[in-house]
There are 2 protein chains.
Amino acid sequence: MNDSTIVTDSVKRFKWVGTRPIRPDGVPKVTGRALYGADLKLPGMLYGKILRSPHAHARIKSIDISAAEALPGVKSVMTANDLPQQKFDYIGPERVAVNFWHVTRNIMAREKALYEGHAIAAVAAISASIADHAASLIKVEYEVLPHVIDVDEAMADDAPLLFEDMITRGIDPAPTKPSNISKRLEFSMGDIEAGFQQADVVIEKAFKTAAVHQAYIEPHACVAKYEADGQCEIWSSSQGHFQMRALTAQIIGAKLGDLRVTPAEIGGGFGGKTVTYLEPIAATLSKKAGAPVRLQMTREDVFRASGPTSGASMWVKIGVKKDGTIVAADGIYKFQAGAFPGSPVMNGCLCAYAPYTIPNQRAVGFDVVSNRPKAAAYRAPGSPISAFAVESVLDMCAKAIGMDPLDLRHKNACRIGTPTLAGPKHAHAGYAETLEALMNHPAYKVKLGPNQGRGVASGYWFNGGGESSATLQVNADGTVLVATGSPDIGGSRASMAIMAAETLGIDYSQVRAIVADTGSIGYTHVTGGSRVTFATGTAVVNASKTVVQEMRKRAALIWGVEEDAVIWDDGVAKPANAGDNKTLSFREIAAKAAATGGPITASHGVNAGGQAPGFASQFCDVEVDPETGRVTILRFVAAQDVGRAIHPAYVEGQIQGGVVQGIGWALNEEYIYNAKGLLDNPGFLDYRCPVASDLPMIDAVMVEVPNPTHPYGAKGVGEVGICPPMAAIANAIAMATGKRMTELPMSPPRLLAALSD
Amino acid sequence: MNDSTIVTDSVKRFKWVGTRPIRPDGVPKVTGRALYGADLKLPGMLYGKILRSPHAHARIKSIDISAAEALPGVKSVMTANDLPQQKFDYIGPERVAVNFWHVTRNIMAREKALYEGHAIAAVAAISASIADHAASLIKVEYEVLPHVIDVDEAMADDAPLLFEDMITRGIDPAPTKPSNISKRLEFSMGDIEAGFQQADVVIEKAFKTAAVHQAYIEPHACVAKYEADGQCEIWSSSQGHFQMRALTAQIIGAKLGDLRVTPAEIGGGFGGKTVTYLEPIAATLSKKAGAPVRLQMTREDVFRASGPTSGASMWVKIGVKKDGTIVAADGIYKFQAGAFPGSPVMNGCLCAYAPYTIPNQRAVGFDVVSNRPKAAAYRAPGSPISAFAVESVLDMCAKAIGMDPLDLRHKNACRIGTPTLAGPKHAHAGYAETLEALMNHPAYKVKLGPNQGRGVASGYWFNGGGESSATLQVNADGTVLVATGSPDIGGSRASMAIMAAETLGIDYSQVRAIVADTGSIGYTHVTGGSRVTFATGTAVVNASKTVVQEMRKRAALIWGVEEDAVIWDDGVAKPANAGDNKTLSFREIAAKAAATGGPITASHGVNAGGQAPGFASQFCDVEVDPETGRVTILRFVAAQDVGRAIHPAYVEGQIQGGVVQGIGWALNEEYIYNAKGLLDNPGFLDYRCPVASDLPMIDAVMVEVPNPTHPYGAKGVGEVGICPPMAAIANAIAMATGKRMTELPMSPPRLLAALSD
């Protein structure tokens, strides 16, 4: 091998890719020493408190902050009036295409409070108790308005309107009457009516899913320190400190260069920490107070005011021939957006049928506002919701024609070249392989007992690419520092170190990967969309190649030969002339950096395209207690096309984590609103996430179909695992009980009601 | 201009270089919000305390830490036994060529305590008061030994020996008897005896200077957080977080990649914060305790245990002809090293005669240990000491031949091509120009009154280059982040931003410069040796040029033309074809980065050679109160060759700061030891630094002789200003009183004694 090219074919034996070393953040996290968003304390730091709306829907007639301002120990009080106006525009600044007119109102209410917990005003004081007291002294005059929570009710003609002038986009001609529907989407291919004509069996069904929260352990927290000259430093836990910087800059009216954001460790995000809530408020309080301000949410704040994923109301119709050929699929997908437009309904539409070859398809989506917290991204946002409906109906189709549900899916599995509703044809394989992995899994043949059932489902996720940056620094002792701008939510520091070690030809233990602040590394998009190992990994590999090139240059300088006369072989420089057996190791060259030109450093930015989508297929066995309606998961097998697993243990962890969250979504998690539109269960006691004792060992089966657009064949693995579980469990329950559950969660009371129906 | 080359000739009008914008760290520092070494507080952080020797010289017979360990609230206790052994070796790891056998013993005593305040053991506890109490419970059995403080006494045959086996290096044949002289140096050129034969006047004189402290406002402080897997994060105030990382790694036995050091703002350093004292102790306490540890020095600790510059004892002899030609110069320079070898005596020898063309020269130096804290770098280390002696004798020569002291210096001023004791011939001009600036200064003609005198002196400093790194990030709004590894002690963030703005062709307000941690930026040597504007500045300019190249590439992509068809003119891309008048601004191209390939990022490392030395010439007028011996500085004019001033206000500040410290050194500052070898004045009340009311306005005259080896002509400006004041003031006192003062400080009691002699 006479250059630094990476051989990605499967013949090449990797030294580090595919191994399972300990992650760099493992020990600090396990020993409790990792620093999260709320762990920083600065001299003179103030404690912020946000006053939140007690009403689901209310006009704000006046806010009187004078009593709060007068309280000794209070250093600043703010309302939305302290934030600049924003244009109503769906095209934001580059890289952040959101409507800032909405975003600023979600961060702090202006004309109306649109959900319980909506931020109304904020204070900063010398202690948390004074801040609490001051917030209680703010007098808000509300005119309480009728509210609406449910998506179908919000679409009704006589529904209370959140935005009195909102006209649905995407309908031609545009409606004249305002509504809570912010937009209508339609995607189709083929001839949907003709398609159903060819079917031997047509099944249609309506479904509802509940809004569920990402349920990260760490509530949102930040510290902001705004200087009188406009510079502002922020320490914060987020899934993307660059996106947070961009949003905060726009909301407070600052230059990007004046904000410096240092990422804290993140205690879970799952999409929910791609959203900015606190930082613009903390920065504004700090600006007004002239001192650093810490803001953090309580658990109740997290539930009431940060985004769950959408609940939805759907209708799906699928037609199959007797031989199992799917000839047509249709669906209507109505997604809750929460209080501001912007649900993942487009993803729901585009992922719904994506694993399949279906000549005639249609998906119609509605984005609907209601008096709930604004929906946020949650693991493969949108896809699990439509998958619940589509994969349930597919199960019914399989049963109707007497075909094994894996066989039905395999017969119609998308292949390279299959067209998709999103436009481009499938360019990557992987789906059929996941089905085959299940078919061949011994557990699929295990016999079931009474009240037991087996359910199958699949899922699809685009996986993202986009902009990432990396820098590499070579130390004099041959150790290497890899800095990226990607907050590490799933072990990405380990995978970055693995890819750097592999590319450089050095030991994993010699590489340290860190997450750098916005002042020290190039722009990097959020850790989300399962994009990091792919895009940031590509930047790391490219920067590593630059270092290899530089090492050859330095070796050539030491030997006094031309650079071309030096080859790089497994971390060692060698003369191209094989007869000459002198060598220089990575460490030896690193030790001579000062004498050969100075520090060895490389930086690289990419806008990575060609990311391959993720496919997951899963089956589970359940047992239903007919007396209580409680569902026990007996076993769960989750197969996923992972491209190539850079660090298999963390890939398995992603698969298992997705399944666990899907199980919670399927069986227990929901937002319970009372008649006043107030959330009755804003805490982990009443909002029921699965705990270890609820779960079987989840058997993660990695199917490796290397992604040719990544130097080591990696593709995103973090999200698609959450798509199948809801349908898989519903299908298993249907087999166990004969009852088709169409509404989530399939909690004991609801299942018991269905059983006694 | 059709590429990104910088025109450095004086015809080019710069837009930003030479202007005086506000420094980025100005507002946070003035408002008290800047974060220094002691400002970080981490969850679970412990407070460290170092037990220090109460004796100037004592054998440590035993240390019993059991009572301290048993005290509730104490989490770890350490002694030197917790640090690995170090080889006795003057060649350390690359980039840190020090003797770690000595360094580890200075950080924590092993066999002997060698000075009052020498660290003996350390504790970490849950509160500072518990730590204090615990330290007092450590039982140390000392055998008190005779001590020696003065450099001449330390060289005496019967002096108590600090190292019983130390044989002076640099003498051939090597002496057989151990001594406190660690090495002897000799530099010479020409024929020293023959030179003096040609002289009409020969003057020789002995001099003594006191050890003086850098007197930074901020005592040393750090926080270390050591993880069970060997990773360690350190937050610390220093002049070089990379050097501190290297030293700490070696002292505690860690890999460079496992240490991550984040630089705090620094409250003064002046060379003294290039030394590592606390960090290896804090890291070890943290390792043993499993929790973060903060360590900070008290002011007393700073005086007793951190390095002042050497005191010295010198003898200088100079021969001149009647016409002013200097024909020979000889000198013996005996420098205190403190308790471990390593004074700046070599610098003292090499700078002594460097401003002059002297055919016959000799400088003999001695590095001498005694029971004082180890000497540390202090602004142009070594040079001001020998300058005091040489420039005093030159003044006597001028008087003896009846020549103006500026004329004498100008007649013998070094030129390009003048040989130096250091070896290379002078390659840069600048000295004569500083003398001419004084000759032409109106204040030089002001008539003096009774008891008043005028003194002239010059100084020389090498100025450093070496390794530095920089990265640039372009934000989507056209703002730019410049990250370097150089802690900012004199406004370097401003000068980096100026150079980047100038090179990129954008507004200074669009550029933010930051100091990045060791994980995020390439190796960068200490902020010292007046190297930063030169070396780090070169890295910034080179990285900026890479960005300009990238901007042209992106513009070419947007226009669909070849890169060569795009020129870069003052921050704007234009077609090379002048007829085509479309343009793309920096900001417009930045906004399209995502669509044209991703983040725009550049990193650059240099090992900058060719730094030009600094020359300073100064005169001052003093008035001596014959009744008290108090010296009042009436005026002070300081001319300095500054290459080209990137930010003139901060260059002036450096010149003024150097003069102020020189005034303190000349008139008041000294370490006062009692008979037991204990320091009697370890505080700012008794250690008398000049305050504003002691000082006149110091007239800083910048002489700009652009340095061709820097892209904008900059050279180091931070140090040489401290070299002339002691001799200038002594010369002025001699003129005012007729008394030649040969010992520093020339404090009221000492001057009064001389006057009444």
# chains A, B, ... in the order shown; residues from 1 in each chain; ligands from 1
>>> interface_residues(of="chain B", to="chain A", cutoff="8 Å", atoms="only C-alpha atoms", output="JSON, numbers by chain")
{"B": [27, 28, 33, 39, 40, 41, 42, 43, 94, 95, 227, 228, 229, 255, 256, 257, 258, 291, 466, 467, 468, 469, 471, 473, 474, 475, 476, 477, 479, 480, 481, 482, 483, 510, 511, 512, 514, 516, 519, 520, 521, 522, 523, 524, 591, 592, 594, 597, 598, 599, 600, 601, 602, 603, 604, 605, 606, 607]}
>>> write_last_selection(atoms="C-alpha atoms", output="compact mmCIF listing (two decimals), in the first residue's frame")
# COMPACT_ATOMS: atom_id res chain seq x y z
CA VAL B 27 -14.58 44.49 28.70
CA PRO B 28 -14.65 41.21 30.65
CA ARG B 33 -16.19 39.00 34.65
CA ASP B 39 -12.66 31.05 39.34
CA LEU B 40 -13.78 27.59 38.34
CA LYS B 41 -15.80 25.56 40.77
CA LEU B 42 -16.78 22.01 39.91
CA PRO B 43 -19.30 19.74 41.62
CA GLU B 94 11.28 17.21 22.93
CA ARG B 95 10.17 20.78 23.47
CA GLU B 227 -10.37 10.22 36.01
CA ALA B 228 -9.87 6.60 36.96
CA ASP B 229 -8.94 5.79 33.35
CA LYS B 255 0.48 10.56 28.18
CA LEU B 256 0.15 13.97 26.56
CA GLY B 257 -3.08 12.88 24.93
CA ASP B 258 -4.60 12.01 28.29
CA ALA B 291 -12.62 14.08 42.74
CA GLY B 466 9.35 28.72 17.50
CA GLU B 467 6.25 26.61 17.35
CA SER B 468 2.75 27.99 17.18
CA SER B 469 -0.57 26.89 15.74
CA THR B 471 -7.09 27.63 13.28
CA GLN B 473 -13.35 29.11 11.24
CA VAL B 474 -15.64 31.06 8.97
CA ASN B 475 -19.21 31.44 10.23
CA ALA B 476 -22.28 31.62 8.02
CA ASP B 477 -22.77 35.31 8.83
CA THR B 479 -17.80 36.46 11.14
CA VAL B 480 -14.53 34.64 11.68
CA LEU B 481 -13.10 32.83 14.67
CA VAL B 482 -9.36 32.78 15.17
CA ALA B 483 -8.16 30.23 17.69
CA GLN B 510 -16.12 40.57 12.36
CA VAL B 511 -13.18 38.66 13.83
CA ARG B 512 -13.07 37.06 17.26
CA ILE B 514 -9.83 33.07 21.32
CA ALA B 516 -8.13 27.28 22.68
CA GLY B 519 -7.34 19.36 22.81
CA SER B 520 -8.55 21.81 20.22
CA ILE B 521 -5.47 23.45 18.75
CA GLY B 522 -1.99 22.39 17.69
CA TYR B 523 1.08 22.64 19.83
CA THR B 524 1.99 26.17 20.74
CA ALA B 591 -23.35 32.28 3.68
CA LYS B 592 -23.09 29.74 0.88
CA ALA B 594 -22.89 24.58 3.06
CA GLY B 597 -18.57 22.03 0.04
CA GLY B 598 -19.19 22.57 3.72
CA PRO B 599 -17.49 24.39 6.57
CA ILE B 600 -14.62 26.71 5.70
CA THR B 601 -11.87 25.86 8.15
CA ALA B 602 -8.10 26.13 8.15
CA SER B 603 -5.37 25.15 10.56
CA HIS B 604 -1.72 25.97 10.42
CA GLY B 605 1.34 25.12 12.47
CA VAL B 606 4.68 26.89 12.18
CA ASN B 607 8.11 26.68 13.67
>>> residues_around(residues="A:Gly718", least_positions_apart="6", cutoff="7 Å", atoms="only C-alpha atoms", output="list in words")
Ser530, Gln654 and Ile655 of chain A
>>> select_by_dssp(residues="stretch 454-590 of chain A", states="helix (DSSP H, G or I)", output="PyMOL selection string")
chain A and resi 492-504+508-510+532-559+563-565+586-590
>>> calpha_fit_rmsd(fixed="chain A", moving="chain B")
0.0 Å
>>> closest_residue(among="B:Pro708, B:Gly490, B:Gly271, B:Gly571", to="B:Ile506", atoms="only C-alpha atoms")
B:Gly571
>>> select_by_dssp(residues="stretch 535-750 of chain A", states="strand (DSSP E or B)", output="number ranges by chain")
A: 566-569, 572-575, 584-585, 600-608, 614-624, 631-641, 673, 679, 698-703, 743
>>> write_last_selection(atoms="C-alpha atoms", output="mmCIF file, in the first residue's frame")
data_model
loop_
_atom_site.group_PDB
_atom_site.id
_atom_site.type_symbol
_atom_site.label_atom_id
_atom_site.label_comp_id
_atom_site.auth_asym_id
_atom_site.auth_seq_id
_atom_site.Cartn_x
_atom_site.Cartn_y
_atom_site.Cartn_z
ATOM 1 C CA VAL A 566 8.322 7.438 1.430
ATOM 2 C CA ILE A 567 5.378 5.094 1.846
ATOM 3 C CA TRP A 568 3.098 4.819 4.837
ATOM 4 C CA ASP A 569 2.383 1.311 5.980
ATOM 5 C CA VAL A 572 5.174 3.383 9.927
ATOM 6 C CA ALA A 573 7.064 5.367 7.296
ATOM 7 C CA LYS A 574 9.204 3.224 5.035
ATOM 8 C CA PRO A 575 11.303 3.964 1.985
ATOM 9 C CA LEU A 584 10.285 5.714 11.213
ATOM 10 C CA SER A 585 7.339 5.058 13.454
ATOM 11 C CA ILE A 600 1.506 18.621 12.904
ATOM 12 C CA THR A 601 -2.089 19.741 12.673
ATOM 13 C CA ALA A 602 -4.932 19.174 10.226
ATOM 14 C CA SER A 603 -8.463 20.428 9.956
ATOM 15 C CA HIS A 604 -11.175 19.296 7.613
ATOM 16 C CA GLY A 605 -14.749 20.297 6.875
ATOM 17 C CA VAL A 606 -17.200 18.228 4.837
ATOM 18 C CA ASN A 607 -20.727 18.465 3.617
ATOM 19 C CA ALA A 608 -21.204 14.739 3.421
ATOM 20 C CA GLY A 614 -31.280 2.476 7.676
ATOM 21 C CA PHE A 615 -33.537 -0.571 7.649
ATOM 22 C CA ALA A 616 -34.732 -2.475 10.692
ATOM 23 C CA SER A 617 -36.791 -5.614 11.034
ATOM 24 C CA GLN A 618 -37.852 -6.979 14.368
ATOM 25 C CA PHE A 619 -40.010 -9.613 15.906
ATOM 26 C CA CYS A 620 -41.147 -10.064 19.447
ATOM 27 C CA ASP A 621 -43.060 -12.599 21.456
ATOM 28 C CA VAL A 622 -45.494 -11.354 24.050
ATOM 29 C CA GLU A 623 -47.746 -12.854 26.632
ATOM 30 C CA VAL A 624 -50.944 -11.052 27.551
ATOM 31 C CA VAL A 631 -48.309 -7.334 28.267
ATOM 32 C CA THR A 632 -45.048 -9.119 29.045
ATOM 33 C CA ILE A 633 -42.373 -9.057 26.367
ATOM 34 C CA LEU A 634 -40.970 -12.578 26.281
ATOM 35 C CA ARG A 635 -38.288 -12.029 23.702
ATOM 36 C CA PHE A 636 -37.285 -9.379 21.233
ATOM 37 C CA VAL A 637 -35.043 -9.852 18.218
ATOM 38 C CA ALA A 638 -33.974 -6.708 16.369
ATOM 39 C CA ALA A 639 -32.106 -6.972 13.100
ATOM 40 C CA GLN A 640 -30.677 -3.859 11.523
ATOM 41 C CA ASP A 641 -28.579 -3.018 8.510
ATOM 42 C CA TYR A 673 -54.432 16.047 29.858
ATOM 43 C CA LEU A 679 -50.917 17.916 31.916
ATOM 44 C CA ILE A 698 -32.992 -7.540 23.438
ATOM 45 C CA ASP A 699 -31.143 -9.565 20.855
ATOM 46 C CA ALA A 700 -29.518 -7.062 18.500
ATOM 47 C CA VAL A 701 -28.585 -8.626 15.175
ATOM 48 C CA MET A 702 -26.226 -6.458 13.153
ATOM 49 C CA VAL A 703 -26.474 -6.970 9.417
ATOM 50 C CA GLU A 743 -54.386 3.093 19.557
#
>>> residues_around(residues="stretch 159-164 of chain A", least_positions_apart="3", cutoff="7 Å", atoms="only C-alpha atoms", output="ChimeraX atom specification")
/A:114,146-148,153-156,178-180,370
>>> atom_distance(atom1="atom CA of A:His241", atom2="atom CA of A:Glu300")
24.2 Å
>>> residues_around(residues="B:Ala121", least_positions_apart="2", cutoff="6 Å", atoms="only C-alpha atoms", output="list in words")
Ile50, Leu51, Met78 and Thr79 of chain B
>>> residues_around(residues="A:Lys273", least_positions_apart="2", cutoff="12 Å", atoms="only C-alpha atoms", output="PDB file with C-alpha atoms, in the first residue's frame")
ATOM      1  CA  GLY A  37     -25.165  21.328  31.703  1.00  0.00           C
ATOM      2  CA  HIS A 213     -41.450  12.303  25.389  1.00  0.00           C
ATOM      3  CA  GLN A 214     -37.787  11.583  24.681  1.00  0.00           C
ATOM      4  CA  ALA A 215     -37.466  11.162  28.452  1.00  0.00           C
ATOM      5  CA  TYR A 216     -33.793  12.046  28.657  1.00  0.00           C
ATOM      6  CA  ILE A 217     -32.505  11.862  32.209  1.00  0.00           C
ATOM      7  CA  GLU A 218     -30.908  15.318  32.202  1.00  0.00           C
ATOM      8  CA  PRO A 219     -33.278  18.276  32.150  1.00  0.00           C
ATOM      9  CA  HIS A 220     -32.205  21.161  29.924  1.00  0.00           C
ATOM     10  CA  ALA A 221     -29.623  23.406  31.604  1.00  0.00           C
ATOM     11  CA  SER A 236     -24.866  24.040  27.721  1.00  0.00           C
ATOM     12  CA  SER A 237     -25.970  20.514  27.163  1.00  0.00           C
ATOM     13  CA  SER A 238     -27.370  20.068  23.677  1.00  0.00           C
ATOM     14  CA  GLN A 239     -27.234  17.851  20.634  1.00  0.00           C
ATOM     15  CA  GLY A 240     -25.672  20.621  18.615  1.00  0.00           C
ATOM     16  CA  HIS A 241     -23.857  23.606  20.054  1.00  0.00           C
ATOM     17  CA  GLN A 243     -27.190  25.026  15.906  1.00  0.00           C
ATOM     18  CA  MET A 244     -27.848  26.309  19.397  1.00  0.00           C
ATOM     19  CA  PRO A 263     -20.736  21.766  25.019  1.00  0.00           C
ATOM     20  CA  GLU A 265     -21.783  16.283  28.527  1.00  0.00           C
ATOM     21  CA  ILE A 266     -25.321  15.432  27.568  1.00  0.00           C
ATOM     22  CA  GLY A 267     -27.540  13.242  29.691  1.00  0.00           C
ATOM     23  CA  GLY A 268     -29.670  11.999  26.850  1.00  0.00           C
ATOM     24  CA  GLY A 269     -31.264  13.829  23.961  1.00  0.00           C
ATOM     25  CA  PHE A 270     -32.877  11.470  21.434  1.00  0.00           C
ATOM     26  CA  GLY A 271     -33.686  14.482  19.263  1.00  0.00           C
ATOM     27  CA  VAL A 275     -34.155  22.434  20.229  1.00  0.00           C
ATOM     28  CA  THR A 276     -33.173  25.661  21.971  1.00  0.00           C
ATOM     29  CA  TYR A 277     -35.306  26.795  24.879  1.00  0.00           C
ATOM     30  CA  LEU A 278     -33.197  28.298  27.650  1.00  0.00           C
ATOM     31  CA  VAL A 302     -39.302  19.299  30.697  1.00  0.00           C
ATOM     32  CA  SER A 306     -40.080  20.804  25.922  1.00  0.00           C
ATOM     33  CA  GLY A 307     -41.025  18.860  22.894  1.00  0.00           C
ATOM     34  CA  PRO A 308     -42.355  15.348  22.840  1.00  0.00           C
ATOM     35  CA  ALA A 375     -43.265  18.846  19.032  1.00  0.00           C
ATOM     36  CA  ALA A 376     -39.552  18.160  18.839  1.00  0.00           C
ATOM     37  CA  ALA A 377     -37.468  15.587  17.068  1.00  0.00           C
ATOM     38  CA  TYR A 378     -37.494  12.119  18.611  1.00  0.00           C
ATOM     39  CA  ARG A 379     -35.442   9.246  17.190  1.00  0.00           C
ATOM     40  CA  PRO A 487     -21.752  16.286  20.950  1.00  0.00           C
ATOM     41  CA  ILE A 489     -24.687  11.006  22.642  1.00  0.00           C
ATOM     42  CA  VAL A 526     -26.396  18.611  15.180  1.00  0.00           C
ATOM     43  CA  THR A 527     -25.825  15.169  16.534  1.00  0.00           C
ATOM     44  CA  GLY A 528     -29.024  13.830  15.085  1.00  0.00           C
TER      45      GLY A 528
END
>>> decode(residues="stretch 100-111 of chain B", atoms="N, CA, C and O atoms", output="PDB file, in the first residue's frame")
ATOM      1  N   PHE B 100      14.399  16.891  34.673  1.00  0.00           N
ATOM      2  CA  PHE B 100      13.212  16.552  35.460  1.00  0.00           C
ATOM      3  C   PHE B 100      13.542  16.006  36.844  1.00  0.00           C
ATOM      4  O   PHE B 100      12.695  16.014  37.723  1.00  0.00           O
ATOM      5  N   TRP B 101      14.770  15.553  37.031  1.00  0.00           N
ATOM      6  CA  TRP B 101      15.188  15.151  38.375  1.00  0.00           C
ATOM      7  C   TRP B 101      15.103  16.363  39.301  1.00  0.00           C
ATOM      8  O   TRP B 101      14.649  16.270  40.438  1.00  0.00           O
ATOM      9  N   HIS B 102      15.511  17.511  38.773  1.00  0.00           N
ATOM     10  CA  HIS B 102      15.381  18.743  39.541  1.00  0.00           C
ATOM     11  C   HIS B 102      13.935  19.224  39.615  1.00  0.00           C
ATOM     12  O   HIS B 102      13.450  19.622  40.673  1.00  0.00           O
ATOM     13  N   VAL B 103      13.257  19.197  38.460  1.00  0.00           N
ATOM     14  CA  VAL B 103      11.909  19.775  38.404  1.00  0.00           C
ATOM     15  C   VAL B 103      10.986  19.075  39.396  1.00  0.00           C
ATOM     16  O   VAL B 103      10.253  19.719  40.149  1.00  0.00           O
ATOM     17  N   THR B 104      11.045  17.749  39.432  1.00  0.00           N
ATOM     18  CA  THR B 104      10.131  17.037  40.331  1.00  0.00           C
ATOM     19  C   THR B 104      10.457  17.365  41.786  1.00  0.00           C
ATOM     20  O   THR B 104       9.562  17.442  42.626  1.00  0.00           O
ATOM     21  N   ARG B 105      11.738  17.591  42.084  1.00  0.00           N
ATOM     22  CA  ARG B 105      12.120  17.960  43.461  1.00  0.00           C
ATOM     23  C   ARG B 105      11.727  19.392  43.807  1.00  0.00           C
ATOM     24  O   ARG B 105      11.544  19.709  44.982  1.00  0.00           O
ATOM     25  N   ASN B 106      11.645  20.245  42.811  1.00  0.00           N
ATOM     26  CA  ASN B 106      11.178  21.602  43.106  1.00  0.00           C
ATOM     27  C   ASN B 106       9.669  21.590  43.339  1.00  0.00           C
ATOM     28  O   ASN B 106       9.157  22.308  44.193  1.00  0.00           O
ATOM     29  N   ILE B 107       8.978  20.751  42.605  1.00  0.00           N
ATOM     30  CA  ILE B 107       7.522  20.656  42.778  1.00  0.00           C
ATOM     31  C   ILE B 107       7.181  20.059  44.133  1.00  0.00           C
ATOM     32  O   ILE B 107       6.255  20.514  44.807  1.00  0.00           O
ATOM     33  N   MET B 108       7.946  19.060  44.550  1.00  0.00           N
ATOM     34  CA  MET B 108       7.764  18.536  45.903  1.00  0.00           C
ATOM     35  C   MET B 108       9.093  17.955  46.386  1.00  0.00           C
ATOM     36  O   MET B 108       9.689  17.113  45.712  1.00  0.00           O
ATOM     37  N   ALA B 109       9.522  18.429  47.548  1.00  0.00           N
ATOM     38  CA  ALA B 109      10.832  18.049  48.077  1.00  0.00           C
ATOM     39  C   ALA B 109      10.904  16.537  48.316  1.00  0.00           C
ATOM     40  O   ALA B 109       9.907  15.906  48.689  1.00  0.00           O
ATOM     41  N   ARG B 110      12.087  15.971  48.103  1.00  0.00           N
ATOM     42  CA  ARG B 110      12.291  14.551  48.427  1.00  0.00           C
ATOM     43  C   ARG B 110      13.282  14.439  49.595  1.00  0.00           C
ATOM     44  O   ARG B 110      12.887  14.467  50.752  1.00  0.00           O
ATOM     45  N   GLU B 111      14.592  14.418  49.277  1.00  0.00           N
ATOM     46  CA  GLU B 111      15.566  14.197  50.350  1.00  0.00           C
ATOM     47  C   GLU B 111      15.682  15.400  51.289  1.00  0.00           C
ATOM     48  O   GLU B 111      15.871  15.250  52.490  1.00  0.00           O
TER      49      GLU B 111
END
